[in-house]
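Here is query-v7.cif, consisting of mmCIF, C-alpha atoms and all ligand atoms:
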```
data_target
loop_
_atom_site.group_PDB
_atom_site.id
_atom_site.type_symbol
_atom_site.label_atom_id
_atom_site.label_comp_id
_atom_site.auth_asym_id
_atom_site.auth_seq_id
_atom_site.Cartn_x
_atom_site.Cartn_y
_atom_site.Cartn_z
ATOM 1 C CA MET I 1 15.808 3.436 23.148
ATOM 2 C CA PRO I 2 18.956 3.930 21.026
ATOM 3 C CA SER I 3 19.049 7.190 19.086
ATOM 4 C CA SER I 4 18.801 5.412 15.736
ATOM 5 C CA VAL I 5 16.387 2.517 15.503
ATOM 6 C CA ARG I 6 15.096 0.558 12.557
ATOM 7 C CA GLN I 7 11.331 0.938 12.540
ATOM 8 C CA THR I 8 8.670 -0.627 10.408
ATOM 9 C CA THR I 9 6.304 1.965 9.010
ATOM 10 C CA LYS I 10 2.707 1.049 8.221
ATOM 11 C CA LEU I 11 0.975 3.347 5.778
ATOM 12 C CA PHE I 12 -2.650 2.269 5.255
ATOM 13 C CA GLY I 13 -1.325 -1.220 4.675
ATOM 14 C CA VAL I 14 1.930 -0.210 2.980
ATOM 15 C CA ALA I 15 4.808 -1.520 5.052
ATOM 16 C CA THR I 16 8.319 -0.341 4.501
ATOM 17 C CA THR I 17 11.425 -0.203 6.637
ATOM 18 C CA LEU I 18 13.186 3.033 7.339
ATOM 19 C CA THR I 19 15.924 4.157 9.658
ATOM 20 C CA CYS I 20 14.714 6.954 11.889
ATOM 21 C CA ARG I 21 15.503 8.606 15.200
ATOM 22 C CA ARG I 22 11.960 8.870 16.499
ATOM 23 C CA ILE I 23 8.357 8.427 15.472
ATOM 24 C CA ASN I 24 6.823 11.763 14.692
ATOM 25 C CA ALA I 25 4.273 11.738 11.919
ATOM 26 C CA PHE I 26 0.757 10.711 11.125
ATOM 27 C CA LEU I 27 -0.682 10.342 7.647
ATOM 28 C CA ILE I 28 -4.413 10.942 7.714
ATOM 29 C CA TRP I 29 -7.035 10.116 5.117
ATOM 30 C CA ASP I 30 -10.086 12.360 5.460
ATOM 31 C CA LYS I 31 -12.842 10.270 3.873
ATOM 32 C CA ARG I 32 -15.091 13.289 3.382
ATOM 33 C CA GLN I 33 -17.938 11.698 5.318
ATOM 34 C CA PRO I 34 -20.841 13.632 6.803
ATOM 35 C CA GLU I 35 -20.775 14.173 10.571
ATOM 36 C CA ASN I 36 -23.625 11.673 11.134
ATOM 37 C CA PHE I 37 -21.932 8.867 9.147
ATOM 38 C CA SER I 38 -21.872 5.649 11.204
ATOM 39 C CA LEU I 39 -18.343 4.559 10.228
ATOM 40 C CA ALA I 40 -14.988 6.321 10.687
ATOM 41 C CA MET I 41 -14.664 9.711 9.031
ATOM 42 C CA CYS I 42 -10.919 9.276 8.660
ATOM 43 C CA GLU I 43 -8.099 6.750 8.884
ATOM 44 C CA MET I 44 -4.814 7.527 10.576
ATOM 45 C CA ALA I 45 -1.553 5.786 9.795
ATOM 46 C CA TRP I 46 1.227 5.841 12.337
ATOM 47 C CA CYS I 47 4.413 6.699 10.545
ATOM 48 C CA SER I 48 8.099 7.003 11.313
ATOM 49 C CA LEU I 49 8.793 9.565 8.619
ATOM 50 C CA LYS I 50 10.309 12.777 9.901
ATOM 51 C CA LYS I 51 7.644 15.224 8.801
ATOM 52 C CA PRO I 52 4.583 16.915 10.272
ATOM 53 C CA ALA I 53 1.177 15.256 10.116
ATOM 54 C CA LYS I 54 -0.229 15.224 6.585
ATOM 55 C CA MET I 55 -3.842 15.011 5.454
ATOM 56 C CA PHE I 56 -5.219 13.594 2.203
ATOM 57 C CA ARG I 57 -8.833 14.397 1.381
ATOM 58 C CA LEU I 58 -10.847 12.176 -0.945
ATOM 59 C CA SER I 59 -14.368 10.839 -0.662
ATOM 60 C CA VAL I 60 -14.668 7.148 0.111
ATOM 61 C CA THR I 61 -17.524 7.039 -2.415
ATOM 62 C CA SER I 62 -15.460 8.483 -5.299
ATOM 63 C CA TYR I 63 -14.205 5.180 -6.730
ATOM 64 C CA LYS I 64 -15.397 1.659 -7.567
ATOM 65 C CA LYS I 65 -14.390 -1.179 -5.238
ATOM 66 C CA GLN I 66 -13.555 -4.834 -5.829
ATOM 67 C CA HIS I 67 -12.677 -5.306 -2.161
ATOM 68 C CA PRO I 68 -14.771 -4.172 0.829
ATOM 69 C CA THR I 69 -11.968 -2.023 2.254
ATOM 70 C CA GLN I 70 -10.243 -1.117 -1.009
ATOM 71 C CA LYS I 71 -8.242 2.104 -0.777
ATOM 72 C CA PRO I 72 -8.401 4.763 -3.481
ATOM 73 C CA LEU I 73 -5.464 4.680 -5.892
ATOM 74 C CA PRO I 74 -4.669 8.422 -5.448
ATOM 75 C CA LEU I 75 -4.372 7.835 -1.687
ATOM 76 C CA MET I 76 -1.785 5.088 -2.103
ATOM 77 C CA LYS I 77 0.176 7.170 -4.629
ATOM 78 C CA TRP I 78 0.117 10.061 -2.166
ATOM 79 C CA CYS I 79 1.422 7.753 0.605
ATOM 80 C CA ILE I 80 4.221 6.503 -1.611
ATOM 81 C CA ASN I 81 5.116 10.081 -2.497
ATOM 82 C CA GLN I 82 5.715 10.733 1.218
ATOM 83 C CA LEU I 83 8.562 8.203 1.180
ATOM 84 C CA PRO I 84 12.173 9.151 0.443
ATOM 85 C CA ARG I 85 12.949 9.167 -3.290
ATOM 86 C CA ASN I 86 15.463 6.353 -2.904
ATOM 87 C CA CYS I 87 12.736 4.010 -1.631
ATOM 88 C CA ARG I 88 12.448 1.796 -4.695
ATOM 89 C CA ALA I 89 10.633 -1.308 -3.433
ATOM 90 C CA ILE I 90 7.471 -1.523 -1.355
ATOM 91 C CA CYS I 91 5.966 -4.506 0.435
ATOM 92 C CA ASP I 92 2.248 -4.615 1.245
ATOM 93 C CA PRO I 93 1.671 -7.681 3.437
ATOM 94 C CA PHE I 94 -2.106 -7.090 3.396
ATOM 95 C CA MET I 95 -2.468 -6.541 -0.332
ATOM 96 C CA GLY I 96 -6.240 -6.988 -0.705
ATOM 97 C CA SER I 97 -7.207 -5.971 -4.223
ATOM 98 C CA GLY I 98 -3.674 -4.715 -4.945
ATOM 99 C CA THR I 99 -4.132 -0.938 -4.914
ATOM 100 C CA THR I 100 -0.615 -0.436 -3.549
ATOM 101 C CA GLY I 101 0.741 -2.648 -6.324
ATOM 102 C CA VAL I 102 -1.049 -0.634 -9.012
ATOM 103 C CA ALA I 103 0.338 2.562 -7.491
ATOM 104 C CA CYS I 104 3.851 1.067 -7.516
ATOM 105 C CA VAL I 105 3.597 0.068 -11.189
ATOM 106 C CA GLN I 106 2.392 3.554 -12.109
ATOM 107 C CA MET I 107 5.206 5.140 -10.102
ATOM 108 C CA GLY I 108 8.043 2.884 -11.259
ATOM 109 C CA LYS I 109 8.528 1.142 -7.894
ATOM 110 C CA ARG I 110 9.096 -2.555 -7.335
ATOM 111 C CA PHE I 111 6.282 -4.240 -5.428
ATOM 112 C CA ILE I 112 5.904 -7.282 -3.202
ATOM 113 C CA GLY I 113 2.330 -8.145 -2.211
ATOM 114 C CA ILE I 114 0.993 -10.756 0.205
ATOM 115 C CA GLU I 115 -2.681 -11.719 0.383
ATOM 116 C CA ARG I 116 -4.230 -14.756 2.053
ATOM 117 C CA GLU I 117 -7.607 -14.745 0.277
ATOM 118 C CA PRO I 118 -7.234 -16.386 -3.167
ATOM 119 C CA LYS I 119 -10.149 -14.344 -4.530
ATOM 120 C CA TYR I 120 -8.476 -11.036 -3.678
ATOM 121 C CA PHE I 121 -5.067 -12.316 -4.735
ATOM 122 C CA GLU I 122 -6.503 -12.995 -8.206
ATOM 123 C CA ILE I 123 -8.108 -9.549 -8.349
ATOM 124 C CA ALA I 124 -4.808 -7.940 -7.300
ATOM 125 C CA CYS I 125 -2.827 -9.843 -9.934
ATOM 126 C CA LYS I 126 -5.314 -8.796 -12.615
ATOM 127 C CA ARG I 127 -5.253 -5.127 -11.592
ATOM 128 C CA ILE I 128 -1.449 -5.057 -11.393
ATOM 129 C CA SER I 129 -1.099 -6.835 -14.721
ATOM 130 C CA GLU I 130 -3.485 -4.315 -16.319
ATOM 131 C CA ALA I 131 -1.408 -1.494 -14.851
ATOM 132 C CA TYR I 132 1.689 -2.945 -16.552
ATOM 133 C CA ASP I 133 -0.270 -2.959 -19.826
ATOM 134 C CA GLN I 134 -0.885 0.786 -19.504
ATOM 135 C CA PRO I 135 2.582 2.215 -18.845
ATOM 136 C CA ASP I 136 3.163 5.878 -18.130
ATOM 137 C CA LEU I 137 5.511 7.270 -20.801
ATOM 138 C CA PHE I 138 7.241 9.419 -18.185
ATOM 139 C CA VAL I 139 7.890 6.664 -15.642
ATOM 140 C CA MET I 140 10.776 4.193 -15.936
ATOM 141 C CA PRO I 141 9.098 0.761 -15.836
ATOM 142 C CA THR I 142 10.143 -2.010 -13.467
ATOM 143 C CA LEU I 143 10.275 -5.505 -14.926
ATOM 144 C CA PRO I 144 7.176 -7.514 -13.983
ATOM 145 C CA GLU I 145 7.798 -10.841 -12.299
ATOM 146 C CA PRO I 146 5.292 -13.610 -13.028
ATOM 147 C CA ALA I 147 2.974 -13.623 -9.999
ATOM 148 C CA LYS I 148 1.983 -16.857 -8.368
ATOM 149 C CA PRO I 149 0.889 -17.697 -4.823
ATOM 150 C CA ALA I 150 3.783 -18.823 -2.629
ATOM 151 C CA ASP I 151 3.338 -22.007 -0.601
ATOM 152 C CA LEU I 152 4.607 -20.878 2.783
ATOM 153 C CA PHE I 153 4.200 -24.302 4.350
ATOM 154 C CA SER I 154 6.217 -26.531 2.063
ATOM 155 C CA PHE I 155 9.942 -26.692 2.590
ATOM 156 C CA SER I 156 12.466 -28.224 0.269
ATOM 157 C CA ALA I 157 16.061 -28.529 1.386
ATOM 158 C CA ALA I 158 18.468 -27.617 -1.405
HETATM 159 C C1 LIG I 201 -7.650 -3.717 4.570
HETATM 160 S S1 LIG I 201 -7.542 -5.027 3.396
HETATM 161 C C2 LIG I 201 -6.404 -4.352 2.229
HETATM 162 C C3 LIG I 201 -7.106 -3.552 1.176
HETATM 163 C C4 LIG I 201 -6.143 -3.042 0.132
HETATM 164 N N1 LIG I 201 -5.345 -1.937 0.646
HETATM 165 C C5 LIG I 201 -6.881 -2.623 -1.108
HETATM 166 O O1 LIG I 201 -6.789 -1.446 -1.511
HETATM 167 O O2 LIG I 201 -7.580 -3.471 -1.671
HETATM 168 C C6 LIG I 201 -6.542 -6.207 4.240
HETATM 169 C C7 LIG I 201 -6.309 -7.509 3.490
HETATM 170 O O3 LIG I 201 -5.360 -8.246 4.238
HETATM 171 C C8 LIG I 201 -5.655 -9.624 4.102
HETATM 172 N N2 LIG I 201 -5.038 -10.301 5.237
HETATM 173 C C9 LIG I 201 -5.416 -10.289 6.526
HETATM 174 N N3 LIG I 201 -4.579 -11.007 7.292
HETATM 175 C C10 LIG I 201 -3.618 -11.499 6.453
HETATM 176 C C11 LIG I 201 -2.469 -12.294 6.647
HETATM 177 N N4 LIG I 201 -2.137 -12.748 7.861
HETATM 178 N N5 LIG I 201 -1.700 -12.592 5.588
HETATM 179 C C12 LIG I 201 -2.030 -12.119 4.352
HETATM 180 N N6 LIG I 201 -3.113 -11.357 4.094
HETATM 181 C C13 LIG I 201 -3.903 -11.042 5.143
HETATM 182 C C14 LIG I 201 -7.166 -9.688 4.070
HETATM 183 O O4 LIG I 201 -7.620 -10.855 3.396
HETATM 184 C C15 LIG I 201 -7.535 -8.397 3.327
HETATM 185 O O5 LIG I 201 -7.771 -8.650 1.954
#
```
Now that the file is in, can you turn its structure into structure tokens?
Amino acid sequence: MPSSVRQTTKLFGVATTLTCRRINAFLIWDKRQPENFSLAMCEMAWCSLKKPAKMFRLSVTSYKKQHPTQKPLPLMKWCINQLPRNCRAICDPFMGSGTTGVACVQMGKRFIGIEREPKYFEIACKRISEAYDQPDLFVMPTLPEPAKPADLFSFSAA
């Protein structure tokens, strides 16, 4: 493998592209589940950031969900904080209820979200729009673009 390779990083659904020399970090979400819990007690995200493994601890029962696998907002903000400061735009190709988008709005990052289920797309748009309505005075806002589903299957030649 060449010494410098462009890698795609996947952070609990947040995808971004970074230039790195090798893959050497995991981001781990400790869901604070009891030992006898039937589902996973943690989620691990493979990551090409050059830093040691990091752990975020927050109970999976500590927040309300509009999506069955909705991530907690503090987790997504923590993930985004792991990225280099000059990372200004984030693409989540599995947007679900839009938690990554809400985190981006609150952190002054541009956001591109993709979601195939219309129901969750609507929920994401609503959550992101509400986040724009509640700006943080200390964060430089990004300009919202009107969100609408893209038709990936129609093609019009210019
Ligand atoms: C794990 S959930 C994301 C949850 C999200 N992080 C949240 O906090 O709500 C993954 C989402 O990806 C969507 N999905 C799966 N395959 C897809 C595809 N090929 N294109 C777009 N969305 C897809 C699913 O409908 C689901 O809502």
Computed interatomic separation between CA of Leu49 (chain I) and CA of Leu83 (chain I) (Å): 7.6 Å
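CA of Met95 (chain I) is positioned 7.7 Å from atom O4 of ligand LIG 201 (chain I).
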Ligand LIG 201 (chain I) neighbours within 10 Å using all atoms listed in the file, as a ChimeraX atom specification: /I:11-14,65-73,75-76,92-102,113-121,123-124
Translate the PyMOL selection byres (((chain I and resi 109) around 12) and not hetatm), as applied to the file shown, into an explicit residue set as a PyMOL selection string. chain I and resi 77+80-81+83+85-91+100-108+110-112+132+139-144
Same residues, C-alpha atoms, saved as a CSV table (one decimal), keeping the file's coordinate frame:
```csv
chain,number,residue,atom,x,y,z
I,77,LYS,CA,0.2,7.2,-4.6
I,80,ILE,CA,4.2,6.5,-1.6
I,81,ASN,CA,5.1,10.1,-2.5
I,83,LEU,CA,8.6,8.2,1.2
I,85,ARG,CA,12.9,9.2,-3.3
I,86,ASN,CA,15.5,6.4,-2.9
I,87,CYS,CA,12.7,4.0,-1.6
I,88,ARG,CA,12.4,1.8,-4.7
I,89,ALA,CA,10.6,-1.3,-3.4
I,90,ILE,CA,7.5,-1.5,-1.4
I,91,CYS,CA,6.0,-4.5,0.4
I,100,THR,CA,-0.6,-0.4,-3.5
I,101,GLY,CA,0.7,-2.6,-6.3
I,102,VAL,CA,-1.0,-0.6,-9.0
I,103,ALA,CA,0.3,2.6,-7.5
I,104,CYS,CA,3.9,1.1,-7.5
I,105,VAL,CA,3.6,0.1,-11.2
I,106,GLN,CA,2.4,3.6,-12.1
I,107,MET,CA,5.2,5.1,-10.1
I,108,GLY,CA,8.0,2.9,-11.3
I,110,ARG,CA,9.1,-2.6,-7.3
I,111,PHE,CA,6.3,-4.2,-5.4
I,112,ILE,CA,5.9,-7.3,-3.2
I,132,TYR,CA,1.7,-2.9,-16.6
I,139,VAL,CA,7.9,6.7,-15.6
I,140,MET,CA,10.8,4.2,-15.9
I,141,PRO,CA,9.1,0.8,-15.8
I,142,THR,CA,10.1,-2.0,-13.5
I,143,LEU,CA,10.3,-5.5,-14.9
I,144,PRO,CA,7.2,-7.5,-14.0
```
Given the PyMOL selection byres (((chain I and resi 50) around 7) and not hetatm), the residues it picks as a list in words: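 The output of the PyMOL selection byres (((chain I and resi 50) around 7) and not hetatm) on this file is Asn24, Ala25, Ser48, Leu49 and Lys51 of chain I.
Take CA of Lys54 (chain I) and CA of Trp29 (chain I): the distance between them is 8.6 Å.
Applied to this file, the PyMOL selection byres (((chain I and resi 61) around 10) and not hetatm) selects Lys31, Arg32, Gln33, Leu58, Ser59, Val60, Ser62, Tyr63, Lys64, Lys65 and Pro72 of chain I.
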Given the point (-2.5, 14.1, 12.1) in the file's coordinates, find the residues that have an atom at most 9 Å from it, counting all atoms listed in the file, and give them as a count of residues only. 10
